[in-house]
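Below you'll find the structure, written out as structure tokens, and then a few comments.
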Amino acid sequence: INLSIGGTKFSAIEKGFYEKIYNQDVLLIAAAGNTGIDEYFYPASHPTLISVASMDIKGMRSKFSTFNNQVEIAAPGSNIISTYPGNTYEMFSGTSAAVPHVSGVISKVWAHFPECTNNEIRMALLKSATPSILCNNLKGHGLVQAQVMYDKLLSRGCKYGTFRPINQNTSSVPADIALGGCEQYKRLSKVGKWSKRKKTTKIKATINNSNGRKLKASST
């Protein structure tokens, strides 16, 4: 669902509304806002929504693009040519011009992998983005990359976007593992390190050689 609406006022009712939608295996993508300052802008700043920032032609955050710790990814949003009433085209700027790029990428790629869950597609989207630096409040995980996302899912399947629960108490409800912003991937990263840990077992043995002497050996 592509959302180009919002304001700075938080609503618990609205937050719960989007959580219910998210739990139905739906992805919500929203414009980060055009205030140009560090503040929350809703509904994009709710954790269950993917908040999209705007980038200019130089790959920098557009001056008008709202930034905060819920910004998750970026897309072109400055001087975008689009259709306009009257059967014509106009050039305009805004995070409302950026968010359709991400929504389009998700729709196109997800159609090829319908077996993936919304959280798996969300993680794949973030992992395949092109970061100029580490994830930050200005552009999130970086510029959306459709081809990379598709190629990774094609070669690795839904597991490319899968993360395992850190412990047995971790909820499996989609909205409960939607953190938003840089935290969305940090959780995945922590789990990635956890899942790569290997258990080692030491085996000790005592054997007799041909001379009857005892030899100690160990293996892991």
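By convention in this document, the chains of the structure tokens carry letters A, B, ... by their order, each chain's residues are numbered from 1, and ligands are numbered from 1 in the order they are shown.
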
Please report as CSV every residue of range 84-135 of chain A lying within 10 Å of range 154-160 of chain A, along with the nearest atom pair and their distance in Å (one decimal), using only C-alpha atoms.
```
residue,atom,partner,partner_atom,distance
A:Val109,CA,A:Leu154,CA,9.9
A:His112,CA,A:Leu154,CA,8.8
A:Phe113,CA,A:Cys158,CA,7.7
A:Pro114,CA,A:Cys158,CA,9.5
A:Glu115,CA,A:Cys158,CA,7.6
A:Cys116,CA,A:Cys158,CA,5.4
A:Thr117,CA,A:Cys158,CA,8.0
A:Asn119,CA,A:Cys158,CA,10.0
A:Glu120,CA,A:Cys158,CA,6.3
A:Ile121,CA,A:Cys158,CA,7.6
A:Met123,CA,A:Tyr160,CA,8.0
A:Ala124,CA,A:Tyr160,CA,6.2
A:Leu125,CA,A:Tyr160,CA,9.9
A:Lys127,CA,A:Tyr160,CA,8.6
A:Ser128,CA,A:Tyr160,CA,9.8
```

Check which residues of range 95-158 of chain A sit at most 9 Å from range 69-85 of chain A using only C-alpha atoms, and return one row each with the closest pair of atoms and their distance in Å to one decimal, ordered by chain and rising number, as a tab-separated table.
```
residue	atom	partner	partner_atom	distance
A:Thr95	CA	A:Gly77	CA	5.7
A:Ser96	CA	A:Gly77	CA	7.4
A:Ala97	CA	A:Gly77	CA	4.9
A:Ala98	CA	A:Gly77	CA	4.2
A:Val99	CA	A:Ala75	CA	6.9
A:Pro100	CA	A:Ala75	CA	8.7
A:His101	CA	A:Ala75	CA	6.4
A:Val102	CA	A:Ala75	CA	6.8
A:Leu125	CA	A:Ile73	CA	8.6
A:Leu126	CA	A:Ile73	CA	7.1
A:Ala129	CA	A:Ile73	CA	7.7
A:Cys135	CA	A:Glu72	CA	8.4
A:Asn136	CA	A:Asn69	CA	7.5
A:Asn137	CA	A:Asn69	CA	4.9
A:Leu138	CA	A:Val71	CA	6.9
A:Lys139	CA	A:Ala74	CA	5.3
A:Gly140	CA	A:Glu72	CA	4.2
A:His141	CA	A:Ile73	CA	5.1
A:Gly142	CA	A:Ile73	CA	5.4
A:Leu143	CA	A:Ala74	CA	4.9
A:Val144	CA	A:Ala75	CA	6.0
```

Atoms to include: N, CA and C atoms. Write the selected residues as an mmCIF file, in the first residue's frame.
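Contents of the output file selection.cif:
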```
data_model
loop_
_atom_site.group_PDB
_atom_site.id
_atom_site.type_symbol
_atom_site.label_atom_id
_atom_site.label_comp_id
_atom_site.auth_asym_id
_atom_site.auth_seq_id
_atom_site.Cartn_x
_atom_site.Cartn_y
_atom_site.Cartn_z
ATOM 1 N N THR A 95 8.725 13.905 -1.018
ATOM 2 C CA THR A 95 8.823 12.489 -0.661
ATOM 3 C C THR A 95 7.647 11.706 -1.244
ATOM 4 N N SER A 96 6.602 12.424 -1.629
ATOM 5 C CA SER A 96 5.475 11.778 -2.320
ATOM 6 C C SER A 96 5.885 11.337 -3.717
ATOM 7 N N ALA A 97 6.954 11.919 -4.231
ATOM 8 C CA ALA A 97 7.489 11.494 -5.525
ATOM 9 C C ALA A 97 8.480 10.354 -5.345
ATOM 10 N N ALA A 98 9.029 10.251 -4.146
ATOM 11 C CA ALA A 98 10.011 9.197 -3.868
ATOM 12 C C ALA A 98 9.347 7.866 -3.516
ATOM 13 N N VAL A 99 8.298 7.926 -2.705
ATOM 14 C CA VAL A 99 7.686 6.696 -2.208
ATOM 15 C C VAL A 99 7.141 5.776 -3.307
ATOM 16 N N PRO A 100 6.611 6.279 -4.427
ATOM 17 C CA PRO A 100 6.122 5.352 -5.458
ATOM 18 C C PRO A 100 7.232 4.502 -6.073
ATOM 19 N N HIS A 101 8.471 5.036 -6.068
ATOM 20 C CA HIS A 101 9.583 4.227 -6.579
ATOM 21 C C HIS A 101 9.738 2.958 -5.748
ATOM 22 N N VAL A 102 9.695 3.108 -4.434
ATOM 23 C CA VAL A 102 9.862 1.963 -3.544
ATOM 24 C C VAL A 102 8.652 1.038 -3.611
ATOM 25 N N LEU A 125 14.497 -5.926 0.809
ATOM 26 C CA LEU A 125 14.546 -4.560 0.290
ATOM 27 C C LEU A 125 15.693 -3.782 0.936
ATOM 28 N N LEU A 126 15.819 -3.897 2.248
ATOM 29 C CA LEU A 126 16.847 -3.149 2.985
ATOM 30 C C LEU A 126 18.238 -3.703 2.735
ATOM 31 N N ALA A 129 19.644 -2.550 -0.705
ATOM 32 C CA ALA A 129 19.808 -1.112 -0.970
ATOM 33 C C ALA A 129 21.287 -0.749 -1.077
ATOM 34 N N CYS A 135 23.802 2.948 7.681
ATOM 35 C CA CYS A 135 22.422 3.396 7.844
ATOM 36 C C CYS A 135 22.353 4.604 8.767
ATOM 37 N N ASN A 136 21.561 5.585 8.367
ATOM 38 C CA ASN A 136 21.438 6.801 9.172
ATOM 39 C C ASN A 136 20.027 7.357 9.101
ATOM 40 N N ASN A 137 19.780 8.409 9.866
ATOM 41 C CA ASN A 137 18.440 8.998 9.944
ATOM 42 C C ASN A 137 18.061 9.805 8.711
ATOM 43 N N LEU A 138 19.027 10.078 7.832
ATOM 44 C CA LEU A 138 18.759 10.910 6.659
ATOM 45 C C LEU A 138 18.207 10.108 5.490
ATOM 46 N N LYS A 139 18.864 8.965 5.192
ATOM 47 C CA LYS A 139 18.476 8.163 4.037
ATOM 48 C C LYS A 139 18.238 6.693 4.370
ATOM 49 N N GLY A 140 18.181 6.388 5.659
ATOM 50 C CA GLY A 140 17.945 5.008 6.054
ATOM 51 C C GLY A 140 19.046 4.079 5.577
ATOM 52 N N HIS A 141 18.656 2.975 4.962
ATOM 53 C CA HIS A 141 19.615 1.979 4.495
ATOM 54 C C HIS A 141 20.188 2.301 3.125
ATOM 55 N N GLY A 142 19.720 3.382 2.511
ATOM 56 C CA GLY A 142 20.275 3.783 1.229
ATOM 57 C C GLY A 142 19.265 3.781 0.098
ATOM 58 N N LEU A 143 19.782 3.807 -1.105
ATOM 59 C CA LEU A 143 18.961 3.902 -2.312
ATOM 60 C C LEU A 143 18.382 2.545 -2.704
ATOM 61 N N VAL A 144 17.095 2.502 -2.965
ATOM 62 C CA VAL A 144 16.417 1.268 -3.360
ATOM 63 C C VAL A 144 17.030 0.716 -4.649
#
```

### Task
Please provide as a ChimeraX atom specification all residues within 9 Å of Tyr22 in chain A, with the sequence filter that same-chain residues fewer than 2 positions apart are discarded (counting only C-alpha atoms).
/A:17-20,24-28,48-49,118,174-175

Store the residues picked out above, limited to N, CA and C atoms, as a compact mmCIF listing (two decimals), in the first residue's frame.
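And here is the file that came out, result.txt:
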```txt
# COMPACT_ATOMS: atom_id res chain seq x y z
N PHE A 17 -4.24 0.68 13.97
CA PHE A 17 -4.90 0.41 12.68
C PHE A 17 -3.90 -0.16 11.67
N TYR A 18 -2.72 0.46 11.58
CA TYR A 18 -1.71 -0.01 10.63
C TYR A 18 -1.10 -1.34 11.07
N GLU A 19 -1.02 -1.57 12.37
CA GLU A 19 -0.52 -2.86 12.85
C GLU A 19 -1.44 -3.99 12.42
N LYS A 20 -2.74 -3.77 12.47
CA LYS A 20 -3.70 -4.79 12.05
C LYS A 20 -3.54 -5.10 10.56
N GLN A 24 -1.73 -8.77 8.39
CA GLN A 24 -2.40 -9.52 7.32
C GLN A 24 -1.46 -9.75 6.14
N ASP A 25 -0.14 -9.69 6.42
CA ASP A 25 0.90 -9.92 5.42
C ASP A 25 0.89 -8.86 4.32
N VAL A 26 0.68 -7.62 4.74
CA VAL A 26 0.66 -6.48 3.82
C VAL A 26 1.85 -5.58 4.14
N LEU A 27 2.41 -4.95 3.12
CA LEU A 27 3.47 -3.96 3.34
C LEU A 27 2.91 -2.56 3.12
N LEU A 28 3.29 -1.65 3.99
CA LEU A 28 2.84 -0.26 3.93
C LEU A 28 4.06 0.63 3.70
N THR A 48 5.50 -0.08 11.71
CA THR A 48 5.01 -1.04 10.71
C THR A 48 5.05 -0.48 9.29
N LEU A 49 5.39 0.79 9.15
CA LEU A 49 5.47 1.39 7.81
C LEU A 49 6.92 1.59 7.38
N ASN A 118 5.64 -10.58 4.19
CA ASN A 118 5.91 -9.15 4.12
C ASN A 118 7.22 -8.78 4.83
N PRO A 174 3.84 -10.53 12.84
CA PRO A 174 4.59 -9.59 11.99
C PRO A 174 4.81 -8.22 12.59
N ALA A 175 3.78 -7.61 13.15
CA ALA A 175 3.91 -6.26 13.68
C ALA A 175 4.85 -6.19 14.88
```

### Query
For the atom pair CA of Leu3 in chain A and CA of Gly94 in chain A, what is the interatomic distance in Å to one decimal place?
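CA of Gly94 in chain A lies 12.9 Å from CA of Leu3 in chain A.
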
### Task
Can you list, as number ranges by chain, all residues belonging to range 6-148 of chain A that DSSP tags as alpha helix (DSSP H)?
A: 12-22, 95-112, 118-128, 146-148

### Message
Just to confirm, what's the straight-line distance from CA of Lys58 in chain A to CA of Pro131 in chain A in Å (one decimal)?
### Response
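Result for CA of Lys58 in chain A versus CA of Pro131 in chain A: 13.6 Å, one decimal.
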
#### Entry: Per-residue DSSP, range 39-117 of chain A, filtered to strand (DSSP E or B), as an MDAnalysis selection string
chainID A and resid 42 49:55 61 67 71:76 80:84 88:92

#### Entry: Selected residue, from A:Thr66, A:Ser11, A:Ser107, A:Thr88, that lies nearest to Ser51 in chain A when counting only C-alpha atoms
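Result for the nearest residue to Ser51 in chain A: A:Thr66.
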
### Task
Can you pull out every residue within 8 Å of Gly7 in chain A, counting only C-alpha atoms, but drop anything in the same chain fewer than 6 positions away, and send it as a PyMOL selection string?
chain A and resi 33+41-43

### Task
Choose the residue, out of A:Thr35, A:Asn68, A:Ser45, A:Ser93, that has the smallest atom-to-atom separation from Leu179 in chain A; count only C-alpha atoms.
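Answer, going by the shortest atom-to-atom distance: A:Ser45.
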
### Query
Using only C-alpha atoms, which of A:Ile50, A:Ala30, A:Ala111, A:Ile57 sits nearest Ala178 in chain A?
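Using only C-alpha atoms, Ala178 in chain A sits closest to A:Ile50.
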
#### Entry: Between CA of Ile21 in chain A and CA of Asn34 in chain A - distance in Å to one decimal
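Separation of CA of Asn34 in chain A and CA of Ile21 in chain A: 25.1 Å.
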
### Query
Looking at only C-alpha atoms, which of A:Met149, A:Ala31, A:Val105, A:Met91 is the one that sits closest to Ala53 in chain A?
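Using only C-alpha atoms, Ala53 in chain A sits closest to A:Ala31.
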